[in-house]
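J.: Enclosed is the structure file data-v4.csv (CSV, C-alpha atoms).
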chain,number,residue,atom,x,y,z
A,998,MET,CA,31.5,18.7,75.2
A,999,HIS,CA,30.4,17.4,71.9
A,1000,GLY,CA,32.1,19.9,69.8
A,1001,ASN,CA,30.4,22.4,67.4
A,1002,LEU,CA,26.8,21.1,66.9
A,1003,ALA,CA,25.7,24.1,64.8
A,1004,PRO,CA,24.8,23.1,61.2
A,1005,SER,CA,27.1,24.3,58.5
A,1006,ALA,CA,25.9,27.0,56.1
A,1007,GLY,CA,25.3,24.4,53.4
A,1008,ARG,CA,23.3,22.2,55.7
A,1009,LEU,CA,21.3,25.1,57.0
A,1010,THR,CA,20.5,26.2,53.4
A,1011,ALA,CA,19.4,22.7,52.5
A,1012,ILE,CA,17.2,22.5,55.5
A,1013,LEU,CA,15.6,25.9,54.8
A,1014,LEU,CA,15.1,25.0,51.1
A,1015,SER,CA,13.4,21.7,52.1
A,1016,LEU,CA,11.1,23.5,54.5
A,1017,GLY,CA,10.2,26.1,51.8
A,1018,VAL,CA,9.4,23.4,49.2
A,1019,ALA,CA,7.2,21.5,51.7
A,1020,LEU,CA,5.3,24.7,52.6
A,1021,ILE,CA,4.8,25.6,48.9
A,1022,ALA,CA,3.6,22.0,48.2
A,1023,CYS,CA,1.0,22.2,50.9
A,1024,THR,CA,-0.1,25.8,50.4
A,1025,PRO,CA,-3.3,26.6,48.3
A,1026,ALA,CA,-2.7,28.7,45.3
A,1027,SER,CA,-3.3,32.5,45.1
A,1028,SER,CA,-6.8,33.7,44.4
A,1029,GLU,CA,-5.6,35.8,41.6
A,1030,PRO,CA,-6.8,34.7,38.1
A,1031,ALA,CA,-4.2,33.4,35.8
A,1032,ALA,CA,-3.4,35.2,32.6
A,1033,SER,CA,-4.0,33.2,29.4
A,1034,ASN,CA,-4.3,33.3,25.7
A,1035,GLY,CA,-7.2,30.8,25.9
A,1036,GLY,CA,-5.5,28.2,23.7
A,1037,PRO,CA,-5.8,24.4,24.2
A,1038,GLY,CA,-4.5,23.2,27.5
A,1039,SER,CA,-4.3,26.8,28.8
A,1040,SER,CA,-5.7,28.2,32.0
A,1041,VAL,CA,-8.5,30.5,31.0
A,1042,ALA,CA,-9.4,31.3,34.6
A,1043,ALA,CA,-8.2,30.1,37.9
A,1044,SER,CA,-10.1,30.9,41.0
A,1045,VAL,CA,-10.1,29.9,44.6
A,1046,ALA,CA,-13.6,29.1,45.5
A,1047,GLN,CA,-15.4,29.8,48.7
A,1048,SER,CA,-18.4,27.5,48.6
A,1049,GLY,CA,-21.9,29.1,48.4
A,1050,SER,CA,-21.1,32.4,46.6
A,1051,PRO,CA,-22.7,32.6,43.2
A,1052,GLY,CA,-20.2,32.6,40.3
A,1053,GLU,CA,-17.3,31.1,42.2
A,1054,VAL,CA,-15.6,28.0,41.1
A,1055,THR,CA,-16.2,24.6,42.7
A,1056,VAL,CA,-15.0,21.1,41.8
A,1057,GLU,CA,-17.4,18.2,42.1
A,1058,GLY,CA,-16.5,14.5,42.2
A,1059,SER,CA,-13.6,12.5,43.4
A,1060,LEU,CA,-10.6,10.3,42.3
A,1061,THR,CA,-9.2,7.2,43.8
A,1062,SER,CA,-5.7,6.1,43.6
A,1063,SER,CA,-4.6,2.5,43.9
A,1064,GLY,CA,-1.5,0.4,43.6
A,1065,LEU,CA,1.3,2.4,45.2
A,1066,TYR,CA,-1.1,4.5,47.3
A,1067,ASP,CA,-4.7,3.7,48.1
A,1068,ALA,CA,-6.6,6.9,48.7
A,1069,THR,CA,-9.7,8.9,47.8
A,1070,TRP,CA,-9.0,12.4,46.6
A,1071,THR,CA,-11.4,15.3,46.7
A,1072,TRP,CA,-11.4,19.1,46.3
A,1073,GLU,CA,-12.2,21.4,49.2
A,1074,ALA,CA,-13.1,25.1,49.1
A,1075,GLY,CA,-10.0,27.2,49.3
A,1076,LEU,CA,-7.9,24.8,47.2
A,1077,GLN,CA,-6.7,25.6,43.6
A,1078,ALA,CA,-9.3,24.8,40.9
A,1079,GLY,CA,-8.3,25.6,37.3
A,1080,PRO,CA,-8.4,23.7,34.1
A,1081,GLY,CA,-5.4,22.4,32.1
A,1082,VAL,CA,-1.9,23.4,33.3
A,1083,GLU,CA,-3.3,25.3,36.3
A,1084,GLY,CA,-4.5,22.1,37.8
A,1085,ILE,CA,-6.8,21.1,40.6
A,1086,SER,CA,-5.4,20.7,44.1
A,1087,LEU,CA,-6.8,17.8,46.0
A,1088,ILE,CA,-6.7,16.4,49.5
A,1089,SER,CA,-6.8,12.6,50.3
A,1090,ASP,CA,-8.8,10.8,52.9
A,1091,LYS,CA,-5.3,10.3,54.5
A,1092,GLY,CA,-4.6,14.1,54.8
A,1093,THR,CA,-2.1,14.3,51.9
A,1094,PHE,CA,-2.2,16.8,49.1
A,1095,ALA,CA,-1.9,16.4,45.4
A,1096,ASN,CA,-2.3,18.4,42.2
A,1097,ILE,CA,-3.7,17.0,39.0
A,1098,GLN,CA,-3.4,18.6,35.5
A,1099,VAL,CA,-5.4,17.2,32.6
A,1100,LEU,CA,-5.0,18.8,29.2
A,1101,ASP,CA,-7.7,18.9,26.5
A,1102,GLU,CA,-5.9,16.2,24.5
A,1103,GLY,CA,-6.1,13.8,27.5
A,1104,SER,CA,-2.6,14.0,29.0
A,1105,ILE,CA,-2.4,13.6,32.8
A,1106,THR,CA,0.1,14.9,35.3
A,1107,PHE,CA,-0.4,13.9,39.0
A,1108,THR,CA,1.9,15.2,41.7
A,1109,SER,CA,1.6,14.4,45.3
A,1110,GLY,CA,3.6,15.0,48.5
A,1111,ALA,CA,2.4,11.7,50.0
A,1112,PRO,CA,5.5,10.0,51.5
A,1113,GLU,CA,4.4,6.6,50.0
A,1114,LEU,CA,4.8,8.3,46.5
A,1115,SER,CA,8.4,9.4,47.1
A,1116,GLY,CA,7.3,12.9,48.2
A,1117,ASN,CA,6.4,15.3,45.4
A,1118,ALA,CA,6.9,12.6,42.7
A,1119,THR,CA,5.4,13.3,39.3
A,1120,TYR,CA,3.3,10.6,37.6
A,1121,GLU,CA,2.3,11.1,33.9
A,1122,GLY,CA,-0.1,9.3,31.6
A,1123,THR,CA,-2.5,9.8,28.7
A,1124,GLY,CA,-6.0,8.8,27.7
A,1125,ALA,CA,-8.2,10.9,30.1
A,1126,GLN,CA,-11.7,11.5,28.8
A,1127,VAL,CA,-11.9,15.3,28.8
A,1128,GLN,CA,-15.1,17.4,28.8
A,1129,ILE,CA,-14.7,20.7,27.0
A,1130,LYS,CA,-17.2,23.5,27.0
A,1131,ASP,CA,-16.6,26.8,25.2
A,1132,ASN,CA,-13.0,25.6,24.2
A,1133,VAL,CA,-12.1,25.1,27.9
A,1134,PRO,CA,-11.4,21.7,29.5
A,1135,CYS,CA,-13.8,21.8,32.5
A,1136,GLY,CA,-14.1,18.2,33.6
A,1137,PHE,CA,-12.5,14.8,33.1
A,1138,THR,CA,-13.0,11.1,33.8
A,1139,LEU,CA,-10.0,8.9,34.5
A,1140,ASP,CA,-9.5,5.1,34.6
A,1141,ASN,CA,-5.8,5.3,33.8
A,1142,ASP,CA,-2.4,4.3,34.9
A,1143,VAL,CA,0.1,7.0,35.4
A,1144,THR,CA,3.9,6.3,35.6
A,1145,GLY,CA,6.4,7.9,37.9
A,1146,SER,CA,8.8,10.1,36.1
A,1147,THR,CA,11.8,9.2,38.3
A,1148,ASP,CA,11.2,5.5,39.2
A,1149,GLY,CA,8.8,4.1,36.6
A,1150,ALA,CA,6.3,3.1,39.3
A,1151,VAL,CA,2.7,2.8,38.3
A,1152,LEU,CA,-0.2,4.5,40.1
A,1153,HIS,CA,-3.8,3.9,39.0
A,1154,LEU,CA,-6.3,6.8,39.0
A,1155,LYS,CA,-10.0,6.5,38.6
A,1156,GLY,CA,-12.9,8.9,38.9
A,1157,THR,CA,-14.5,12.1,37.6
A,1158,LEU,CA,-13.8,15.8,38.5
A,1159,THR,CA,-15.9,18.6,37.1
A,1160,ILE,CA,-15.2,22.3,37.5
A,1161,SER,CA,-18.2,24.6,37.6
A,1162,GLY,CA,-19.0,28.2,38.4
A,1163,GLY,CA,-17.1,31.3,37.3
A,1164,PHE,CA,-16.2,30.9,33.7
A,1165,PHE,CA,-17.0,27.2,33.7
A,1166,ASN,CA,-20.4,25.8,32.8
A,1167,CYS,CA,-19.9,22.1,32.5
Write out the structure in this file as structure tokens.
T.:
Amino acid sequence: MHGNLAPSAGRLTAILLSLGVALIACTPASSEPAASNGGPGSSVAASVAQSGSPGEVTVEGSLTSSGLYDATWTWEAGLQAGPGVEGISLISDKGTFANIQVLDEGSITFTSGAPELSGNATYEGTGAQVQIKDNVPCGFTLDNDVTGSTDGAVLHLKGTLTISGGFFNC
């Protein structure tokens, strides 16, 4: 016999916690609108869109990442789509997920579960060109480097995303 092969309580807890984090990172956000005070960088409305219904939110455009991870990122119906801190959830042409948050002053936060990006690493930068309509950031254009918060690695993001429908009229 090989002895007791059952994981210890601590290992079991760590395994379950890791699985929970992975599931949360790959699960689309709730379709409930987010509460907000409407201030700069806030999420005035967040909606999960089902393409084709009038008044529902959609995201048009794409981003490419290069350097550490070469991929094209797009939004698909059912993924989170909100301005500012709510962020836009994206899927890459390689099947990995990410979330990008761009605030009205141009700050960028990009988080992805892609293994090549150290799994759920956060990359931050500034200088996004933000489109604002009715005091709400509703689109942005990037050609910016973002830097990993844990390892200082640089990822380049380029492209345009525009949120429309619902409360957004970009």
J.: Using only C-alpha atoms, find each residue in segment 1103-1155 of chain A having at least one atom no more than 7 Å away from segment 1056-1063 of chain A; report its shortest atom-to-atom pair and that distance in Å (one decimal), rows by chain then rising number, as CSV.
T.:
residue,atom,partner,partner_atom,distance
A:Leu1152,CA,A:Ser1063,CA,6.1
A:His1153,CA,A:Ser1063,CA,5.2
A:Leu1154,CA,A:Ser1062,CA,4.7
A:Lys1155,CA,A:Thr1061,CA,5.3
J.: Have a look at atom CA of Phe1107 of chain A and atom CA of Ala1074 of chain A and let me know their distance in Å, one decimal.
T.: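 These two atoms are separated by 19.7 Å.
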J.: From (-10.6, 17.4, 28.4), in the file's coordinates, out to 10 Å: which residues are reached, counting all atoms listed in the file? Answer as a ChimeraX atom specification.
T.: /A:1037-1038,1080-1081,1099-1104,1124-1130,1132-1138
J.: In terms of the shortest atom-to-atom distance over only C-alpha atoms, which of A:Thr1106, A:Ala1111, A:Ile1088, A:Asp1131 is closest to Cys1167 of chain A?
T.: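 Between A:Thr1106, A:Ala1111, A:Ile1088, A:Asp1131, the residue approaching Cys1167 of chain A most closely is A:Asp1131.
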J.: Identify which of the residues A:Glu1053, A:Asn1141, A:Val1082, A:Ala1118 lies closest to Phe1094 of chain A, counting all atoms listed in the file when measuring atom-to-atom distances.
T.: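 Using all atoms listed in the file, the shortest distance to Phe1094 of chain A belongs to A:Ala1118.
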J.: When distances are computed from all atoms listed in the file, which of A:Leu1065, A:Leu1076, A:Val1143, A:Leu1158 shows the smallest separation from Ser1115 of chain A?
T.: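 Among the listed residues, A:Leu1065 lies closest to Ser1115 of chain A.
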J.: Could you state the separation of atom CA of Asp1142 of chain A and atom CA of Gly1122 of chain A in Å, given to one decimal place?
T.: 6.4 Å
J.: At what distance in Å, to one decimal, does atom CA of Leu1139 of chain A lie from atom CA of Gln1098 of chain A?
T.: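 Atom CA of Leu1139 of chain A lies at a distance of 11.8 Å from atom CA of Gln1098 of chain A.
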